[in-house]
>>> print(open('run14.tsv').read())   # TSV, C-alpha atoms
chain	number	residue	atom	x	y	z
A	1	MET	CA	-25.99	-3.77	4.70
A	2	LEU	CA	-27.09	-1.31	2.03
A	3	ARG	CA	-27.67	1.36	4.68
A	4	LYS	CA	-24.24	0.70	6.23
A	5	ASP	CA	-22.54	0.98	2.81
A	6	PHE	CA	-24.47	4.15	2.06
A	7	ASP	CA	-23.48	5.78	5.36
A	8	GLU	CA	-19.80	4.78	5.14
A	9	ILE	CA	-19.37	5.83	1.51
A	10	LEU	CA	-21.26	9.09	1.94
A	11	SER	CA	-19.39	10.15	5.09
A	12	GLY	CA	-16.01	9.32	3.52
A	13	GLU	CA	-16.91	11.23	0.35
A	14	LEU	CA	-18.15	14.28	2.25
A	15	ILE	CA	-14.87	14.45	4.20
A	16	SER	CA	-12.72	14.25	1.07
A	17	LEU	CA	-15.00	16.68	-0.82
A	18	THR	CA	-14.65	19.25	1.94
A	19	GLY	CA	-10.88	18.88	1.66
A	20	GLY	CA	-11.15	19.25	-2.13
A	21	LEU	CA	-13.22	22.43	-1.78
A	22	PHE	CA	-10.73	23.85	0.70
A	23	THR	CA	-7.97	23.15	-1.85
A	24	GLY	CA	-9.95	25.06	-4.48
A	25	PHE	CA	-10.48	27.87	-1.99
A	26	MET	CA	-6.69	28.09	-1.45
A	27	LEU	CA	-6.19	28.31	-5.20
A	28	THR	CA	-8.36	31.42	-5.34
A	29	PHE	CA	-5.72	33.26	-3.28
A	30	ALA	CA	-3.19	32.68	-6.04
A	31	THR	CA	-5.13	33.47	-9.20
A	32	ASN	CA	-2.72	36.31	-10.04
A	33	LYS	CA	0.26	33.97	-9.62
A	34	LEU	CA	-1.41	31.15	-11.57
A	35	ASP	CA	-1.54	33.53	-14.50
A	36	LEU	CA	2.13	34.45	-14.11
A	37	ILE	CA	3.46	30.88	-14.21
A	38	PRO	CA	2.11	29.55	-17.49
A	39	ALA	CA	2.96	25.83	-17.18
A	40	LEU	CA	1.55	25.50	-13.66
A	41	PHE	CA	-1.80	24.16	-14.81
A	42	ILE	CA	-0.03	21.31	-16.63
A	43	LEU	CA	1.81	20.37	-13.44
A	44	PHE	CA	-1.13	20.82	-11.10
A	45	PRO	CA	-3.25	17.60	-11.59
A	46	GLY	CA	-0.24	15.28	-11.55
A	47	PHE	CA	1.22	16.91	-8.46
A	48	MET	CA	-2.04	16.57	-6.53
A	49	GLU	CA	-2.51	12.96	-7.56
A	50	MET	CA	1.08	12.02	-6.69
A	51	ARG	CA	0.73	13.18	-3.08
A	52	GLY	CA	-2.44	11.12	-2.53
A	53	ASN	CA	-1.02	8.04	-4.27
A	54	ILE	CA	2.25	7.95	-2.32
A	55	SER	CA	0.82	8.81	1.10
A	56	GLY	CA	-2.14	6.46	0.58
A	57	SER	CA	0.19	3.56	-0.15
A	58	LEU	CA	2.40	4.51	2.81
A	59	ALA	CA	-0.58	4.49	5.19
A	60	SER	CA	-1.83	1.23	3.76
A	61	ARG	CA	1.57	-0.50	4.10
A	62	ILE	CA	1.99	0.70	7.69
A	63	ALA	CA	-1.56	-0.48	8.51
A	64	SER	CA	-0.87	-3.92	7.00
A	65	GLY	CA	2.39	-4.17	8.96
A	66	LEU	CA	0.60	-3.30	12.19
A	67	TYR	CA	-2.17	-5.83	11.58
A	68	VAL	CA	0.18	-8.58	10.55
A	69	GLY	CA	2.17	-7.92	13.71
A	70	VAL	CA	5.60	-7.54	12.12
A	71	MET	CA	5.90	-4.11	13.68
A	72	LYS	CA	5.72	-5.47	17.21
A	73	HIS	CA	9.37	-6.40	17.13
A	74	LYS	CA	11.49	-3.33	17.80
A	75	LEU	CA	14.20	-3.97	15.20
A	76	GLU	CA	11.67	-5.01	12.57
A	77	ARG	CA	9.52	-2.02	13.35
A	78	ARG	CA	12.41	0.36	12.94
A	79	LYS	CA	13.56	-1.29	9.72
A	80	ILE	CA	10.13	-1.30	8.08
A	81	ILE	CA	9.11	2.18	9.17
A	82	ILE	CA	12.43	3.76	8.17
A	83	GLY	CA	12.35	1.85	4.87
A	84	ASN	CA	8.83	3.11	4.18
A	85	VAL	CA	9.67	6.71	5.05
A	86	ILE	CA	12.82	6.73	2.87
A	87	ALA	CA	10.92	5.13	-0.02
A	88	ALA	CA	8.07	7.68	0.22
A	89	PHE	CA	10.59	10.53	0.36
A	90	LEU	CA	12.55	9.26	-2.66
A	91	LEU	CA	9.37	8.56	-4.64
A	92	VAL	CA	7.98	12.06	-4.08
A	93	THR	CA	11.31	13.67	-4.99
A	94	THR	CA	11.70	11.57	-8.16
A	95	ILE	CA	8.11	12.04	-9.32
A	96	SER	CA	8.17	15.80	-8.54
A	97	LEU	CA	11.26	16.19	-10.69
A	98	PHE	CA	9.69	14.09	-13.45
A	99	LEU	CA	6.44	16.10	-13.31
A	100	GLY	CA	8.34	19.39	-13.40
A	101	MET	CA	10.34	18.31	-16.44
A	102	LEU	CA	7.21	16.97	-18.12
A	103	ALA	CA	5.36	20.25	-17.50
A	104	TYR	CA	8.31	22.19	-18.88
A	105	TYR	CA	8.65	20.14	-22.08
A	106	VAL	CA	4.88	19.90	-22.67
A	107	GLY	CA	4.61	23.67	-22.15
A	108	LEU	CA	7.50	24.29	-24.52
A	109	ASP	CA	6.40	21.88	-27.27
A	110	PHE	CA	2.61	22.32	-27.22
A	111	PHE	CA	2.08	25.85	-25.94
A	112	GLY	CA	5.37	27.57	-26.77
A	113	ILE	CA	5.99	28.48	-23.11
A	114	ASP	CA	9.63	28.57	-22.07
A	115	ALA	CA	9.40	28.52	-18.26
A	116	PRO	CA	12.24	26.40	-16.79
A	117	ASN	CA	11.42	27.62	-13.26
A	118	ILE	CA	8.49	25.16	-13.26
A	119	ILE	CA	11.01	22.31	-12.69
A	120	MET	CA	12.40	24.04	-9.61
A	121	ILE	CA	8.88	24.91	-8.37
A	122	SER	CA	7.83	21.26	-8.67
A	123	LEU	CA	10.94	19.94	-6.89
A	124	VAL	CA	10.79	22.47	-4.03
A	125	ALA	CA	7.03	21.91	-3.60
A	126	GLY	CA	7.67	18.15	-3.49
A	127	LEU	CA	10.28	18.59	-0.75
A	128	ILE	CA	8.01	20.89	1.30
A	129	SER	CA	5.05	18.54	0.97
A	130	ASN	CA	7.31	15.61	1.99
A	131	ALA	CA	8.34	17.39	5.16
A	132	ILE	CA	4.68	17.86	6.17
A	133	GLU	CA	2.78	14.90	4.74
A	134	ILE	CA	5.07	11.95	5.55
A	135	PRO	CA	5.30	12.56	9.34
A	136	LEU	CA	1.59	13.44	9.38
A	137	THR	CA	0.57	10.20	7.61
A	138	LEU	CA	2.87	8.09	9.76
A	139	THR	CA	1.82	9.51	13.12
A	140	THR	CA	-1.89	9.50	12.22
A	141	THR	CA	-1.81	5.86	11.05
A	142	LEU	CA	0.00	4.75	14.21
A	143	SER	CA	-2.27	6.74	16.52
A	144	ILE	CA	-5.46	5.53	14.79
A	145	PHE	CA	-4.30	1.94	15.20
A	146	LYS	CA	-3.32	2.57	18.83
A	147	ARG	CA	-6.87	3.83	19.53
A	148	GLY	CA	-8.34	0.58	18.18
A	149	HIS	CA	-9.64	1.83	14.82
A	150	ASP	CA	-8.91	0.37	11.39
A	151	PRO	CA	-6.54	2.78	9.58
A	152	ASN	CA	-7.66	1.34	6.22
A	153	ASN	CA	-11.16	2.78	6.64
A	154	ILE	CA	-10.04	6.19	7.82
A	155	MET	CA	-6.75	6.92	6.08
A	156	GLY	CA	-8.16	6.85	2.50
A	157	PRO	CA	-10.30	10.01	2.69
A	158	TYR	CA	-7.91	11.56	5.23
A	159	VAL	CA	-4.85	11.20	3.01
A	160	THR	CA	-6.74	12.40	-0.09
A	161	SER	CA	-7.95	15.54	1.69
A	162	THR	CA	-4.72	16.42	3.51
A	163	GLY	CA	-2.68	15.48	0.41
A	164	ASP	CA	-4.65	17.92	-1.77
A	165	ILE	CA	-4.42	20.74	0.74
A	166	ILE	CA	-0.71	20.22	1.46
A	167	SER	CA	0.08	19.92	-2.27
A	168	VAL	CA	-1.50	23.27	-3.07
A	169	PHE	CA	0.02	24.86	0.05
A	170	SER	CA	3.51	23.60	-0.94
A	171	LEU	CA	3.07	24.76	-4.54
A	172	LEU	CA	2.06	28.24	-3.35
A	173	ILE	CA	5.09	28.46	-1.05
A	174	ALA	CA	7.40	27.22	-3.83
A	175	ILE	CA	5.93	29.82	-6.20
A	176	ALA	CA	6.42	32.56	-3.62
A	177	VAL	CA	10.04	31.51	-3.09
A	178	ILE	CA	11.05	30.89	-6.71
A	179	ALA	CA	8.82	32.94	-8.99
B	1	MET	CA	-18.73	-30.98	18.39
B	2	THR	CA	-16.47	-28.16	19.47
B	3	GLU	CA	-13.67	-27.03	17.20
B	4	LYS	CA	-10.14	-27.72	18.39
B	5	PRO	CA	-8.24	-24.58	19.35
B	6	ARG	CA	-5.59	-23.61	16.80
B	7	LYS	CA	-2.05	-24.51	17.77
B	8	LYS	CA	0.26	-21.54	17.65
B	9	HIS	CA	2.94	-22.30	15.07
B	10	ARG	CA	6.46	-21.01	15.44
B	11	ILE	CA	7.85	-20.53	11.95
B	12	THR	CA	11.21	-22.20	11.27
B	13	ALA	CA	14.13	-20.63	9.40
B	14	GLN	CA	13.64	-23.16	6.60
B	15	GLU	CA	9.97	-22.23	6.17
B	16	CYS	CA	10.86	-18.55	6.28
B	17	ASN	CA	13.43	-19.05	3.52
B	18	SER	CA	10.98	-21.06	1.43
B	19	VAL	CA	8.72	-18.00	1.30
B	20	VAL	CA	11.31	-15.25	1.11
B	21	CYS	CA	13.57	-16.79	-1.56
B	22	MET	CA	10.97	-18.05	-4.02
B	23	ARG	CA	10.29	-16.49	-7.38
B	24	ARG	CA	7.07	-14.56	-7.89
B	25	PRO	CA	5.19	-17.14	-10.06
B	26	GLU	CA	5.70	-19.79	-7.36
B	27	HIS	CA	4.65	-17.43	-4.63
B	28	THR	CA	0.83	-17.69	-4.62
B	29	PRO	CA	0.51	-21.52	-4.66
B	30	THR	CA	3.15	-21.90	-1.92
B	31	ILE	CA	1.46	-19.31	0.25
B	32	PHE	CA	-1.80	-21.21	-0.17
B	33	GLN	CA	-0.15	-24.50	0.89
B	34	LEU	CA	1.62	-22.91	3.86
B	35	HIS	CA	-1.57	-21.20	4.99
B	36	LYS	CA	-3.49	-24.49	4.80
B	37	LYS	CA	-0.83	-26.61	6.48
B	38	LYS	CA	0.51	-24.26	9.14
B	39	LYS	CA	-2.52	-21.96	9.66
B	40	ILE	CA	-0.40	-18.84	9.12
B	41	SER	CA	-2.51	-16.01	7.73
B	42	TYR	CA	-2.18	-14.95	4.09
B	43	LYS	CA	-1.32	-11.40	5.18
B	44	THR	CA	1.64	-12.58	7.28
B	45	LEU	CA	2.98	-14.76	4.48
B	46	PHE	CA	2.61	-11.98	1.95
B	47	TYR	CA	4.34	-9.50	4.23
B	48	MET	CA	7.20	-11.96	4.85
B	49	LYS	CA	7.73	-12.24	1.11
B	50	GLU	CA	7.65	-8.52	0.46
B	51	TYR	CA	9.30	-7.05	3.53
B	52	GLY	CA	10.86	-10.05	5.23
B	53	PRO	CA	14.31	-10.27	6.83
B	54	ARG	CA	16.08	-10.73	3.50
B	55	SER	CA	14.43	-7.93	1.57
B	56	HIS	CA	15.42	-4.29	1.40
B	57	VAL	CA	12.20	-2.41	2.21
B	58	THR	CA	13.04	0.82	0.37
B	59	SER	CA	14.16	-0.99	-2.81
B	60	VAL	CA	11.06	-3.21	-2.86
B	61	ILE	CA	8.72	-0.22	-2.51
B	62	MET	CA	10.63	1.87	-5.05
B	63	ARG	CA	10.81	-0.96	-7.59
B	64	GLU	CA	7.13	-1.82	-7.36
B	65	SER	CA	5.75	1.73	-7.20
B	66	ILE	CA	7.86	3.80	-9.56
B	67	LYS	CA	6.47	2.50	-12.87
B	68	ILE	CA	2.81	2.92	-11.97
B	69	LEU	CA	3.50	6.37	-10.45
B	70	LEU	CA	5.32	7.54	-13.57
B	71	MET	CA	2.46	6.25	-15.70
B	72	ALA	CA	-0.12	8.02	-13.49
B	73	SER	CA	1.93	11.25	-13.68
B	74	LEU	CA	2.03	11.02	-17.46
B	75	LEU	CA	-1.74	10.53	-17.65
B	76	SER	CA	-2.37	13.39	-15.23
B	77	SER	CA	-0.18	15.68	-17.30
B	78	ILE	CA	-2.40	14.96	-20.31
B	79	GLY	CA	-5.27	16.15	-18.09
B	80	GLY	CA	-3.15	19.18	-17.23
B	81	MET	CA	-2.77	19.97	-20.93
B	82	HIS	CA	-6.56	20.06	-21.24
B	83	ILE	CA	-6.85	22.41	-18.27
B	84	LYS	CA	-4.22	24.66	-19.82
B	85	THR	CA	-6.50	25.20	-22.82
B	86	VAL	CA	-9.21	26.68	-20.55
B	87	GLN	CA	-6.84	28.35	-18.06
B	88	ASP	CA	-8.23	31.84	-18.66
B	89	ASP	CA	-11.83	30.66	-18.14
B	90	LEU	CA	-10.85	28.88	-14.93
B	91	ILE	CA	-9.17	31.98	-13.51
B	92	ARG	CA	-12.12	34.14	-14.59
B	93	LEU	CA	-14.82	31.75	-13.31
B	94	LEU	CA	-13.84	31.28	-9.66
B	95	PRO	CA	-16.55	28.66	-8.82
B	96	LEU	CA	-15.04	26.32	-11.42
B	97	LEU	CA	-11.53	26.78	-10.04
B	98	ILE	CA	-12.80	25.93	-6.55
B	99	LEU	CA	-14.87	23.01	-7.83
B	100	MET	CA	-12.18	21.36	-9.96
B	101	PRO	CA	-10.04	19.63	-7.25
B	102	ALA	CA	-13.12	18.40	-5.36
B	103	LEU	CA	-14.78	17.04	-8.49
B	104	THR	CA	-11.73	15.07	-9.67
B	105	THR	CA	-11.19	13.68	-6.15
B	106	MET	CA	-14.84	12.62	-5.89
B	107	ILE	CA	-14.97	10.82	-9.23
B	108	GLY	CA	-11.64	9.10	-8.52
B	109	SER	CA	-12.97	7.78	-5.19
B	110	PHE	CA	-16.12	6.46	-6.85
B	111	GLY	CA	-13.93	4.54	-9.31
B	112	THR	CA	-12.05	2.90	-6.43
B	113	ILE	CA	-15.24	2.09	-4.52
B	114	VAL	CA	-17.00	0.50	-7.50
B	115	SER	CA	-13.98	-1.62	-8.44
B	116	SER	CA	-13.26	-2.86	-4.93
B	117	LYS	CA	-16.94	-3.56	-4.13
B	118	PHE	CA	-17.53	-5.49	-7.33
B	119	THR	CA	-14.29	-7.46	-6.85
B	120	THR	CA	-15.39	-8.42	-3.34
B	121	MET	CA	-18.74	-9.62	-4.76
B	122	LEU	CA	-16.87	-11.79	-7.27
B	123	PHE	CA	-14.58	-13.26	-4.61
B	124	LEU	CA	-17.54	-14.02	-2.32
B	125	GLY	CA	-19.38	-15.71	-5.20
B	126	LYS	CA	-22.30	-13.29	-4.97
B	127	VAL	CA	-22.08	-12.55	-8.70
B	128	LYS	CA	-21.53	-15.16	-11.41
B	129	GLY	CA	-22.18	-15.25	-15.15
B	130	LYS	CA	-24.69	-12.59	-16.21
B	131	TRP	CA	-23.66	-9.91	-13.74
B	132	TRP	CA	-26.22	-7.36	-14.93
B	133	GLN	CA	-29.07	-9.55	-13.62
B	134	TYR	CA	-27.94	-9.59	-9.99
B	135	LYS	CA	-29.67	-7.60	-7.27
B	136	GLU	CA	-26.33	-6.79	-5.58
B	137	VAL	CA	-25.01	-5.12	-8.75
B	138	HIS	CA	-28.23	-3.07	-9.11
B	139	GLU	CA	-27.96	-1.98	-5.48
B	140	LEU	CA	-24.33	-0.94	-5.96
B	141	VAL	CA	-25.19	1.09	-9.06
B	142	PHE	CA	-28.13	2.87	-7.40
B	143	THR	CA	-26.20	3.51	-4.16
B	144	ILE	CA	-23.30	5.09	-6.06
B	145	LEU	CA	-25.57	7.18	-8.30
B	146	PHE	CA	-27.62	8.41	-5.34
B	147	ILE	CA	-24.51	9.34	-3.31
B	148	ALA	CA	-23.08	11.09	-6.39
B	149	LEU	CA	-26.25	13.15	-6.66
B	150	ILE	CA	-26.00	14.21	-3.00
B	151	CYS	CA	-22.30	15.04	-3.43
B	152	VAL	CA	-22.92	17.18	-6.53
B	153	PHE	CA	-25.61	19.16	-4.70
B	154	TYR	CA	-23.16	19.60	-1.83
B	155	ILE	CA	-20.05	20.75	-3.72
B	156	ALA	CA	-21.44	22.79	-6.63
B	157	PRO	CA	-23.52	25.30	-4.60
B	158	LEU	CA	-20.84	25.44	-1.88
B	159	ALA	CA	-18.14	26.19	-4.50
B	160	TYR	CA	-20.34	28.97	-5.88
B	161	PHE	CA	-20.95	30.32	-2.38
B	162	ILE	CA	-17.20	30.41	-1.60
B	163	ALA	CA	-16.60	32.18	-4.94
B	164	PHE	CA	-19.37	34.65	-4.04
B	165	LEU	CA	-17.64	35.39	-0.72
B	166	LYS	CA	-14.43	36.01	-2.68
B	167	GLY	CA	-16.22	38.63	-4.76
B	168	PHE	CA	-17.58	36.62	-7.69
B	169	THR	CA	-20.86	38.13	-8.95
B	170	PHE	CA	-23.97	36.01	-8.39
B	171	SER	CA	-26.18	35.22	-11.35
B	172	TYR	CA	-28.77	32.45	-11.66
B	173	ALA	CA	-27.56	31.55	-15.15
B	174	ALA	CA	-23.94	31.05	-14.03
B	175	PHE	CA	-25.09	29.19	-10.90
B	176	PHE	CA	-27.18	26.68	-12.85
B	177	LYS	CA	-24.41	26.29	-15.40
B	178	VAL	CA	-21.92	25.39	-12.63
B	179	VAL	CA	-24.34	22.90	-11.05
B	180	GLY	CA	-25.21	21.47	-14.49
B	181	LEU	CA	-21.55	21.13	-15.43
B	182	ALA	CA	-20.77	19.28	-12.19
B	183	MET	CA	-23.78	17.02	-12.64
B	184	VAL	CA	-23.14	16.12	-16.29
B	185	THR	CA	-19.41	15.48	-15.64
B	186	THR	CA	-20.16	13.31	-12.60
B	187	PHE	CA	-22.93	11.20	-14.14
B	188	LEU	CA	-21.18	10.65	-17.48
B	189	LEU	CA	-18.03	9.49	-15.74
B	190	ILE	CA	-19.74	7.36	-13.12
B	191	LEU	CA	-21.67	5.48	-15.79
B	192	MET	CA	-18.44	5.01	-17.74
B	193	LEU	CA	-16.60	3.86	-14.62
B	194	LEU	CA	-19.37	1.44	-13.68
B	195	MET	CA	-19.18	-0.18	-17.11
B	196	ILE	CA	-15.36	-0.31	-17.19
B	197	SER	CA	-14.94	-1.62	-13.65
B	198	VAL	CA	-17.73	-4.20	-13.74
B	199	ALA	CA	-16.84	-5.60	-17.18
B	200	GLY	CA	-13.07	-5.32	-16.54
B	201	SER	CA	-13.23	-6.92	-13.08
B	202	PHE	CA	-15.35	-9.77	-14.42
B	203	TYR	CA	-12.91	-10.39	-17.29
B	204	ILE	CA	-9.82	-10.30	-15.03
B	205	PHE	CA	-11.50	-12.52	-12.45
B	206	LYS	CA	-12.27	-15.06	-15.17
B	207	LYS	CA	-8.56	-15.03	-16.06
B	208	LYS	CA	-7.90	-16.06	-12.41
B	209	GLU	CA	-6.15	-12.81	-11.45
B	210	ASP	CA	-7.01	-10.37	-8.66
B	211	PRO	CA	-9.04	-7.49	-10.23
B	212	ASN	CA	-8.04	-5.18	-7.33
B	213	ASN	CA	-4.47	-4.99	-8.64
B	214	PHE	CA	-5.56	-3.90	-12.09
B	215	MET	CA	-8.92	-2.19	-11.88
B	216	ILE	CA	-8.23	0.31	-9.08
B	217	PRO	CA	-5.31	2.04	-10.87
B	218	ILE	CA	-7.21	1.86	-14.19
B	219	THR	CA	-10.46	3.33	-12.85
B	220	THR	CA	-8.62	6.04	-10.87
B	221	SER	CA	-6.67	7.11	-13.95
B	222	VAL	CA	-9.79	7.02	-16.17
B	223	ALA	CA	-11.66	9.07	-13.55
B	224	ASP	CA	-8.91	11.69	-13.19
B	225	LEU	CA	-8.23	12.07	-16.87
B	226	GLY	CA	-11.90	11.77	-17.86
B	227	SER	CA	-13.11	14.35	-15.34
B	228	LEU	CA	-10.59	16.93	-16.56
B	229	PHE	CA	-11.30	16.12	-20.20
B	230	ILE	CA	-15.12	16.29	-19.88
B	231	MET	CA	-15.01	19.30	-17.59
B	232	THR	CA	-12.78	21.34	-19.92
B	233	ASN	CA	-14.98	20.49	-22.91
B	234	LEU	CA	-18.12	21.44	-20.99
B	235	ILE	CA	-16.53	24.75	-19.95
B	236	VAL	CA	-16.05	25.54	-23.63
B	237	VAL	CA	-19.70	24.59	-24.34
B	238	PHE	CA	-21.33	26.23	-21.29
B	239	PHE	CA	-19.28	29.44	-20.88
>>> encode(input="run14.tsv", output="structure tokens")
Amino acid sequence: MLRKDFDEILSGELISLTGGLFTGFMLTFATNKLDLIPALFILFPGFMEMRGNISGSLASRIASGLYVGVMKHKLERRKIIIGNVIAAFLLVTTISLFLGMLAYYVGLDFFGIDAPNIIMISLVAGLISNAIEIPLTLTTTLSIFKRGHDPNNIMGPYVTSTGDIISVFSLLIAIAVIA
Amino acid sequence: MTEKPRKKHRITAQECNSVVCMRRPEHTPTIFQLHKKKKISYKTLFYMKEYGPRSHVTSVIMRESIKILLMASLLSSIGGMHIKTVQDDLIRLLPLLILMPALTTMIGSFGTIVSSKFTTMLFLGKVKGKWWQYKEVHELVFTILFIALICVFYIAPLAYFIAFLKGFTFSYAAFFKVVGLAMVTTFLLILMLLMISVAGSFYIFKKKEDPNNFMIPITTSVADLGSLFIMTNLIVVFF
């Protein structure tokens, strides 16, 4: 039992750590831009955590629905999946806007940085990450279940890793577009 | 004596309504009774309540998630404020910039694992009373600490190697400082998380609530905020 726990935890951790390192590696390509947008470091941790939290819950809810069997019925399946996708989309948009505003006001009040473009960067990055992460989470959860695996065991590290990478990727694109 | 095969129960509209329309405080005892009487699984009953025919899926998810997500965002932004204070060091010291996302992710996952494992032990009755005397708790602590050690020796040198490939100058002093920083941050936080999740889970379980619902968000937030806070302070001390 101890050996099984050790193997499962270690393999899951190594997968998500590799994703985390790749995220850090992507950040190194933008060190000059990170310096140019002063409030970005305030936004950064919240933005990364948000992506993992929302996609993790989405995967978990879809997995529960599949196990419980409520997604066997066509109408039910459509209703629950569409409801989940819309909720995830609205949550990311709302929280991105909130994080952007928070980064702006914290930057202004505590560091004297007046950079309103951080709100736009956060919102646009949220929308880009939505467009990639939500379909990716949904299709991966469904295909893992279809192949006879438990999405609960796999989707945790998967969503954390892809969420981190996609968050940074979206932020970099938003910076390139707006800044 | 062989066990009788379970009869498949077709749920009636009345039973469906009794679950869907009830108020939250009445929910758990009724689910228990229905599960016992009709042999319908807890998961199905829970799902009927949350996302059944009469509920609006999007509204339910939004209503239940938004508060905790806003709270988590607020906490993370406090972490972001700490990073801002060492922004110049992070941009200058590439290995730390590469290490930061991986380190926060790792410590957050350990928080979730410890909380959920200890909660399962409590539910299975493997741990009662003086939890610090149980073999299972010792095994969990040593397993987590040992895995953390392996993970630190995986990410810290690899982060330095990636930084080296990106043109960061190699020096033994900086290398050992990066490994040391990762190790101190990880072990301080894991010990803190072990104490918080074990004591907190035990307390919540004694209050007859499910520790999973409380301890996982708490430990994840403590891990995220704590890792950024300790790491930024150590950067000031080490570099």
>>> closest_atom_pairs(input="run14.tsv", of="chain B", to="chain A", cutoff="8 Å", atoms="all atoms listed in the file", output="tab-separated table")
residue	atom	partner	partner_atom	distance
B:Lys43	CA	A:Val68	CA	6.2
B:Thr44	CA	A:Val68	CA	5.4
B:Tyr47	CA	A:Gly65	CA	7.4
B:Tyr51	CA	A:Ile80	CA	7.4
B:His56	CA	A:Gly83	CA	7.7
B:Val57	CA	A:Gly83	CA	5.0
B:Thr58	CA	A:Gly83	CA	4.7
B:Ser59	CA	A:Ala87	CA	7.5
B:Ile61	CA	A:Ala87	CA	6.3
B:Met62	CA	A:Ala87	CA	6.0
B:Ile66	CA	A:Leu91	CA	7.0
B:Leu69	CA	A:Met50	CA	7.2
B:Leu70	CA	A:Ile95	CA	6.8
B:Ala72	CA	A:Gly46	CA	7.5
B:Ser73	CA	A:Gly46	CA	5.0
B:Leu74	CA	A:Gly46	CA	7.6
B:Leu75	CA	A:Gly46	CA	7.9
B:Ser76	CA	A:Gly46	CA	4.7
B:Ser77	CA	A:Ile42	CA	5.7
B:Ile78	CA	A:Ile42	CA	7.7
B:Gly79	CA	A:Pro45	CA	7.0
B:Gly80	CA	A:Ile42	CA	3.8
B:Met81	CA	A:Ile42	CA	5.3
B:Ile83	CA	A:Phe41	CA	6.4
B:Lys84	CA	A:Phe41	CA	5.6
B:Gln87	CA	A:Phe41	CA	7.3
B:Ile91	CA	A:Thr31	CA	6.1
B:Leu94	CA	A:Thr28	CA	7.0
B:Leu97	CA	A:Gly24	CA	6.0
B:Ile98	CA	A:Gly24	CA	3.6
B:Leu99	CA	A:Gly24	CA	6.3
B:Met100	CA	A:Gly24	CA	7.0
B:Pro101	CA	A:Gly20	CA	5.3
B:Ala102	CA	A:Gly20	CA	3.9
B:Leu103	CA	A:Gly20	CA	7.6
B:Thr105	CA	A:Gly20	CA	6.9
B:Met106	CA	A:Leu17	CA	6.5
B:Ser109	CA	A:Glu13	CA	7.6
B:Glu139	CA	A:Leu2	CA	7.6
B:Thr143	CA	A:Phe6	CA	6.5
B:Ile147	CA	A:Leu10	CA	6.2
B:Cys151	CA	A:Leu14	CA	7.1
B:Ile155	CA	A:Leu17	CA	7.1
B:Ala159	CA	A:Leu21	CA	6.8
B:Ile162	CA	A:Phe25	CA	7.2
>>> residues_around(input="run14.tsv", residues="stretch 148-151 of chain A", least_positions_apart="3", cutoff="10 Å", atoms="all atoms listed in the file", output="ChimeraX atom specification")
/A:59-60,62-64,66-67,140-145,154-156,158
>>> write_last_selection(input="run14.tsv", atoms="C-alpha atoms", output="CSV table (one decimal), keeping the file's coordinate frame")
chain,number,residue,atom,x,y,z
A,59,ALA,CA,-0.6,4.5,5.2
A,60,SER,CA,-1.8,1.2,3.8
A,62,ILE,CA,2.0,0.7,7.7
A,63,ALA,CA,-1.6,-0.5,8.5
A,64,SER,CA,-0.9,-3.9,7.0
A,66,LEU,CA,0.6,-3.3,12.2
A,67,TYR,CA,-2.2,-5.8,11.6
A,140,THR,CA,-1.9,9.5,12.2
A,141,THR,CA,-1.8,5.9,11.0
A,142,LEU,CA,0.0,4.8,14.2
A,143,SER,CA,-2.3,6.7,16.5
A,144,ILE,CA,-5.5,5.5,14.8
A,145,PHE,CA,-4.3,1.9,15.2
A,154,ILE,CA,-10.0,6.2,7.8
A,155,MET,CA,-6.8,6.9,6.1
A,156,GLY,CA,-8.2,6.8,2.5
A,158,TYR,CA,-7.9,11.6,5.2
>>> closest_residue(input="run14.tsv", among="A:Ile118, A:Val159, A:Leu172, A:Leu123", to="A:Thr137", atoms="all atoms listed in the file")
A:Val159
>>> atom_distance(input="run14.tsv", atom1="atom CA of A:Thr93", atom2="atom CA of A:Ala115")
20.0 Å
>>> atom_distance(input="run14.tsv", atom1="atom CA of B:Gly125", atom2="atom CA of B:Phe205")
11.2 Å
>>> residues_around(input="run14.tsv", residues="A:Ile173", least_positions_apart="5", cutoff="9 Å", atoms="all atoms listed in the file", output="ChimeraX atom specification")
/A:121,124-125,128,168,178
>>> write_last_selection(input="run14.tsv", atoms="C-alpha atoms", output="short mmCIF file (atom, residue, chain, number, x, y, z; two decimals), in the coordinates of the input")
data_model
loop_
_atom_site.label_atom_id
_atom_site.label_comp_id
_atom_site.auth_asym_id
_atom_site.auth_seq_id
_atom_site.Cartn_x
_atom_site.Cartn_y
_atom_site.Cartn_z
CA ILE A 121 8.88 24.91 -8.37
CA VAL A 124 10.79 22.47 -4.03
CA ALA A 125 7.03 21.91 -3.60
CA ILE A 128 8.01 20.89 1.30
CA VAL A 168 -1.50 23.27 -3.07
CA ILE A 178 11.05 30.89 -6.71
#
>>> atom_distance(input="run14.tsv", atom1="atom CA of B:Phe146", atom2="atom CA of B:Thr104")
17.8 Å
>>> axis_aligned_box(input="run14.tsv", around="stretch 88-94 of chain A", padding_each_side="4 Å", output="JSON")
{"center_x": 10.3, "center_y": 10.7, "center_z": -3.9, "size_x": 12.6, "size_y": 14.0, "size_z": 16.5}
>>> closest_atom_pairs(input="run14.tsv", of="stretch 86-140 of chain B", to="stretch 165-170 of chain B", cutoff="10 Å", atoms="all atoms listed in the file", output="CSV")
residue,atom,partner,partner_atom,distance
B:Arg92,CA,B:Phe168,CA,9.1
B:Leu93,CA,B:Phe168,CA,7.9
B:Leu94,CA,B:Phe168,CA,6.8
B:Pro95,CA,B:Phe168,CA,8.1
